[in-house]
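S.K.: So that you have it, the file is structure02.cif, and it contains mmCIF, C-alpha atoms:
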```
data_data
#
loop_
_atom_site.label_atom_id
_atom_site.label_comp_id
_atom_site.auth_asym_id
_atom_site.auth_seq_id
_atom_site.Cartn_x
_atom_site.Cartn_y
_atom_site.Cartn_z
CA MET R 350 17.54 2.50 13.38
CA SER R 351 17.58 -1.25 13.08
CA THR R 352 14.86 -3.86 12.89
CA LYS R 353 15.79 -4.75 16.48
CA THR R 354 14.43 -1.35 17.52
CA TYR R 355 11.19 -1.89 15.59
CA PRO R 356 10.58 -5.64 15.16
CA HIS R 357 7.17 -4.98 13.59
CA ALA R 358 6.03 -2.20 11.27
CA LEU R 359 3.24 -1.23 13.69
CA ASP R 360 5.82 -0.43 16.38
CA ALA R 361 7.38 2.17 14.09
CA PHE R 362 4.02 3.70 13.11
CA ARG R 363 3.09 4.00 16.77
CA ARG R 364 6.26 5.92 17.57
CA MET R 365 7.01 8.03 14.51
CA ASP R 366 5.49 10.04 11.70
CA GLY R 367 3.95 7.78 9.04
CA LEU R 368 6.11 9.21 6.25
CA GLU R 369 9.29 8.60 8.23
CA ALA R 370 8.24 5.03 9.08
CA LEU R 371 7.40 4.25 5.43
CA GLN R 372 10.72 5.71 4.28
CA MET R 373 12.53 3.50 6.80
CA MET R 374 10.55 0.53 5.52
CA GLN R 375 11.53 1.35 1.95
CA ARG R 376 15.21 1.49 2.98
CA GLY R 377 14.92 -1.85 4.80
CA GLU R 378 15.53 -0.34 8.23
CA ILE R 379 12.25 -1.72 9.57
CA PRO R 380 10.45 -4.82 8.32
CA THR R 381 7.74 -4.61 5.72
CA THR R 382 4.31 -5.93 6.62
CA ASN R 383 3.60 -9.64 6.41
CA ILE R 384 1.14 -9.16 3.53
CA THR R 385 3.73 -7.17 1.56
CA ARG R 386 6.29 -9.96 1.96
CA TRP R 387 3.78 -12.75 1.27
CA MET R 388 2.46 -11.09 -1.90
CA ASN R 389 6.00 -10.10 -2.98
CA PHE R 390 5.11 -6.41 -3.30
CA SER R 391 7.88 -3.82 -3.30
CA LEU R 392 7.64 -0.30 -1.93
CA GLU R 393 8.94 1.84 -4.80
CA THR R 394 8.07 5.44 -3.92
CA VAL R 395 7.25 7.18 -0.66
CA GLU R 396 6.29 10.84 -0.48
CA ARG R 397 3.97 12.70 1.85
CA GLY R 398 0.50 11.82 0.52
CA ARG R 399 1.74 9.48 -2.23
CA VAL R 400 2.98 5.89 -2.25
CA VAL R 401 3.78 3.47 -5.05
CA PHE R 402 3.88 -0.30 -4.54
CA ALA R 403 4.92 -2.65 -7.34
CA MET R 404 4.34 -6.29 -8.19
CA LEU R 405 5.81 -8.58 -10.83
CA PRO R 406 2.90 -10.72 -12.10
CA ASP R 407 3.46 -14.46 -12.05
CA GLU R 408 1.34 -17.36 -13.29
CA LYS R 409 1.07 -18.71 -9.72
CA LEU R 410 -1.23 -15.71 -9.08
CA TYR R 411 -3.59 -16.56 -11.94
CA ASN R 412 -7.29 -17.27 -11.65
CA MET R 413 -9.07 -19.90 -13.75
CA ILE R 414 -9.26 -17.63 -16.82
CA GLY R 415 -5.51 -17.06 -17.07
CA SER R 416 -4.94 -13.64 -15.53
CA VAL R 417 -3.81 -12.40 -12.13
CA HIS R 418 -6.67 -12.92 -9.68
CA GLY R 419 -8.65 -9.76 -8.96
CA GLY R 420 -8.11 -10.24 -5.24
CA ILE R 421 -4.35 -9.93 -5.73
CA ILE R 422 -4.77 -6.68 -7.68
CA THR R 423 -7.20 -5.40 -5.04
CA THR R 424 -4.71 -6.26 -2.29
CA LEU R 425 -2.00 -4.36 -4.14
CA LEU R 426 -4.33 -1.36 -4.38
CA ASP R 427 -5.38 -1.62 -0.72
CA ASN R 428 -1.73 -1.69 0.35
CA ALA R 429 -0.95 1.46 -1.64
CA LEU R 430 -4.17 3.29 -0.74
CA GLY R 431 -3.72 2.70 2.99
CA SER R 432 -0.03 3.52 2.94
CA SER R 433 -0.62 6.81 1.13
CA VAL R 434 -2.90 7.84 3.99
CA GLN R 435 -0.43 6.53 6.58
CA SER R 436 2.19 8.82 5.00
CA VAL R 437 0.30 11.92 6.18
CA LEU R 438 -0.41 10.73 9.74
CA PRO R 439 1.56 11.71 12.83
CA ALA R 440 3.06 9.24 15.27
CA GLY R 441 0.45 7.25 17.17
CA LYS R 442 -2.16 7.40 14.41
CA VAL R 443 -2.93 4.51 12.07
CA ALA R 444 -5.39 4.12 9.21
CA THR R 445 -7.56 1.11 8.48
CA THR R 446 -9.77 0.48 5.47
CA MET R 447 -13.48 1.17 5.89
CA ASP R 448 -14.45 0.99 2.23
CA LEU R 449 -12.56 -0.22 -0.82
CA HIS R 450 -13.64 -0.09 -4.45
CA THR R 451 -11.73 -1.66 -7.34
CA ARG R 452 -12.52 -1.27 -11.01
CA PHE R 453 -10.71 -3.56 -13.47
CA HIS R 454 -9.96 -2.20 -16.94
CA ARG R 455 -7.85 -4.97 -18.51
CA PRO R 456 -6.29 -8.23 -17.36
CA VAL R 457 -2.85 -8.37 -15.77
CA THR R 458 -0.72 -11.34 -16.86
CA ALA R 459 2.93 -12.35 -16.60
CA ALA R 460 3.38 -10.82 -20.07
CA THR R 461 2.30 -7.43 -18.69
CA GLY R 462 5.53 -7.08 -16.74
CA LYS R 463 5.89 -5.16 -13.52
CA VAL R 464 2.80 -3.21 -12.47
CA PHE R 465 2.64 -0.27 -10.10
CA ALA R 466 -0.13 0.82 -7.72
CA ASP R 467 0.32 4.59 -7.56
CA ALA R 468 -1.85 5.98 -4.75
CA HIS R 469 -2.40 9.46 -3.42
CA VAL R 470 -4.46 11.04 -0.66
CA VAL R 471 -7.53 12.93 -1.80
CA HIS R 472 -8.57 14.13 1.67
CA ALA R 473 -7.28 13.51 5.19
CA GLY R 474 -9.44 14.63 8.08
CA ARG R 475 -9.25 13.94 11.80
CA ARG R 476 -11.27 10.71 11.71
CA THR R 477 -11.39 9.60 8.08
CA ALA R 478 -9.36 9.92 4.91
CA THR R 479 -9.89 9.07 1.25
CA SER R 480 -7.34 8.00 -1.34
CA GLU R 481 -7.30 6.87 -4.94
CA ALA R 482 -4.91 4.80 -7.04
CA HIS R 483 -4.17 3.46 -10.48
CA VAL R 484 -2.49 0.16 -11.33
CA ILE R 485 -0.31 0.87 -14.34
CA ASP R 486 2.49 -0.79 -16.26
CA ALA R 487 5.86 0.76 -17.18
CA ASP R 488 4.27 2.46 -20.22
CA GLY R 489 1.46 4.03 -18.16
CA THR R 490 -1.32 1.73 -19.40
CA VAL R 491 -4.06 1.56 -16.75
CA TYR R 492 -5.11 -1.95 -15.64
CA ALA R 493 -7.21 -1.11 -12.58
CA THR R 494 -8.26 1.85 -10.47
CA GLY R 495 -9.25 1.97 -6.84
CA THR R 496 -10.61 4.26 -4.17
CA SER R 497 -10.71 3.84 -0.43
CA THR R 498 -12.10 5.46 2.67
CA LEU R 499 -10.04 4.84 5.77
CA MET R 500 -10.74 5.31 9.46
CA ILE R 501 -7.99 7.06 11.39
CA LEU R 502 -7.37 5.54 14.81
CA GLU R 503 -5.17 6.43 17.74
CA ASP R 504 -2.79 3.56 18.45
CA LYS R 505 -0.32 4.45 21.19
CA PRO R 506 2.30 1.99 22.42
CA ALA R 507 1.73 0.25 25.71
CA PRO R 508 3.65 1.90 28.61
#
```
Using structure tokens, write down the structure from this file.
M.R.:
Amino acid sequence: MSTKTYPHALDAFRRMDGLEALQMMQRGEIPTTNITRWMNFSLETVERGRVVFAMLPDEKLYNMIGSVHGGIITTLLDNALGSSVQSVLPAGKVATTMDLHTRFHRPVTAATGKVFADAHVVHAGRRTATSEAHVIDADGTVYATGTSTLMILEDKPAP
């Protein structure tokens, strides 16, 4: 399928299984989300119930104390946490964050190198789901952890 078939990611999630849509996104067959492009995140791994997004830290993302701003790390986590839940949803269902918790363990800087938000589903019910994630570097050092509760909504395409 081409991006002409699904000009926006939401169109694909409305019409196909979340795992299939995320796999198509990873292959570049449908566009990534605007936030993913804007933050320069890459979708590294897609499995049912597990998603990994990556980011290469850059000084332009620093806060006033010389590390990547916590909001950037939290956004990376939120992207992975929500996508892991989306990967277990059928066509016409979407997940949106209800609650998000981030815990920072050490600063991320340009010297850290590429970091990965590895998220997996803890529980997926009919109306809510929970997921958890770790932000790690290539050596497995943990920089942040996050948990999320998501609301599952029906989002069918217009006729």
S.K.: For the contact check between region 434-482 of chain R and region 409-412 of chain R, emit one row per residue of region 434-482 of chain R within 12 Å, containing the shortest atom pair and the distance in Å rounded to one decimal, counting all atoms listed in the file, chain then rising number order, as CSV.
M.R.:
```
residue,atom,partner,partner_atom,distance
R:Pro456,CA,R:Tyr411,CA,10.3
R:Val457,CA,R:Tyr411,CA,9.1
R:Thr458,CA,R:Tyr411,CA,7.7
R:Ala459,CA,R:Tyr411,CA,9.1
```
S.K.: Applying the PyMOL selection byres ((chain R and resi 480-484) around 8) to the file I just gave you, which residues come out? Please list them as an MDAnalysis selection string.
M.R.: chainID R and resid 426 429:431 433:434 464:472 478:479 485:486 491:498
S.K.: Where does the PyMOL selection byres ((chain R and resi 442) around 12) land in this file, that is, which residues does it pick, as a PDB file with C-alpha atoms, in the coordinates of the input?
M.R.:
```pdb
ATOM      1  CA  LEU R 359       3.240  -1.230  13.690  1.00  0.00           C
ATOM      2  CA  ASP R 360       5.820  -0.430  16.380  1.00  0.00           C
ATOM      3  CA  ALA R 361       7.380   2.170  14.090  1.00  0.00           C
ATOM      4  CA  PHE R 362       4.020   3.700  13.110  1.00  0.00           C
ATOM      5  CA  ARG R 363       3.090   4.000  16.770  1.00  0.00           C
ATOM      6  CA  ARG R 364       6.260   5.920  17.570  1.00  0.00           C
ATOM      7  CA  MET R 365       7.010   8.030  14.510  1.00  0.00           C
ATOM      8  CA  ASP R 366       5.490  10.040  11.700  1.00  0.00           C
ATOM      9  CA  GLY R 367       3.950   7.780   9.040  1.00  0.00           C
ATOM     10  CA  LEU R 368       6.110   9.210   6.250  1.00  0.00           C
ATOM     11  CA  ALA R 370       8.240   5.030   9.080  1.00  0.00           C
ATOM     12  CA  VAL R 434      -2.900   7.840   3.990  1.00  0.00           C
ATOM     13  CA  GLN R 435      -0.430   6.530   6.580  1.00  0.00           C
ATOM     14  CA  SER R 436       2.190   8.820   5.000  1.00  0.00           C
ATOM     15  CA  VAL R 437       0.300  11.920   6.180  1.00  0.00           C
ATOM     16  CA  LEU R 438      -0.410  10.730   9.740  1.00  0.00           C
ATOM     17  CA  PRO R 439       1.560  11.710  12.830  1.00  0.00           C
ATOM     18  CA  ALA R 440       3.060   9.240  15.270  1.00  0.00           C
ATOM     19  CA  GLY R 441       0.450   7.250  17.170  1.00  0.00           C
ATOM     20  CA  VAL R 443      -2.930   4.510  12.070  1.00  0.00           C
ATOM     21  CA  ALA R 444      -5.390   4.120   9.210  1.00  0.00           C
ATOM     22  CA  THR R 445      -7.560   1.110   8.480  1.00  0.00           C
ATOM     23  CA  ARG R 475      -9.250  13.940  11.800  1.00  0.00           C
ATOM     24  CA  ARG R 476     -11.270  10.710  11.710  1.00  0.00           C
ATOM     25  CA  THR R 477     -11.390   9.600   8.080  1.00  0.00           C
ATOM     26  CA  LEU R 499     -10.040   4.840   5.770  1.00  0.00           C
ATOM     27  CA  MET R 500     -10.740   5.310   9.460  1.00  0.00           C
ATOM     28  CA  ILE R 501      -7.990   7.060  11.390  1.00  0.00           C
ATOM     29  CA  LEU R 502      -7.370   5.540  14.810  1.00  0.00           C
ATOM     30  CA  GLU R 503      -5.170   6.430  17.740  1.00  0.00           C
ATOM     31  CA  ASP R 504      -2.790   3.560  18.450  1.00  0.00           C
ATOM     32  CA  LYS R 505      -0.320   4.450  21.190  1.00  0.00           C
ATOM     33  CA  PRO R 506       2.300   1.990  22.420  1.00  0.00           C
TER      34      PRO R 506
END
```
S.K.: Do you have the CA of Glu378 (chain R)-CA of Thr424 (chain R) distance handy?
M.R.: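 Computed distance, CA of Glu378 (chain R) to CA of Thr424 (chain R), equals 23.6 Å.
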S.K.: One decimal, in Å: what's the spacing between CA of Asn389 (chain R) and CA of Ala473 (chain R)?
M.R.: 28.3 Å
S.K.: Tell me which of R:Thr423, R:Thr394, R:Asn383, R:Gln372 sits closest to Leu449 (chain R), counting all atoms listed in the file.
M.R.: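 Nearest candidate to Leu449 (chain R) out of R:Thr423, R:Thr394, R:Asn383, R:Gln372: R:Thr423.
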S.K.: Could the centre and edge lengths of an axis-aligned box, enclosing all atoms of region 473-484 of chain R in the file with 5 Å extra on each side, be given in Å to one decimal as AutoDock Vina command-line options?
M.R.:
```
--center_x -6.9 --center_y 7.4 --center_z 0.2 --size_x 18.9 --size_y 24.5 --size_z 33.1
```
S.K.: Between R:Met388, R:Gly462, R:Leu405, R:Glu396, single out the one closest to Asn428 (chain R), counting all atoms listed in the file.
M.R.: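 Smallest distance to Asn428 (chain R) is found for R:Met388.
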S.K.: Can you work out the spacing between CA of Met404 (chain R) and CA of His450 (chain R) in Å, to one decimal?
M.R.: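 Going from CA of Met404 (chain R) over to CA of His450 (chain R), I get 19.4 Å.
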S.K.: Using all atoms listed in the file, which of R:Leu392, R:Arg399, R:Thr461, R:Trp387 sits nearest Ile421 (chain R)?
M.R.: R:Trp387
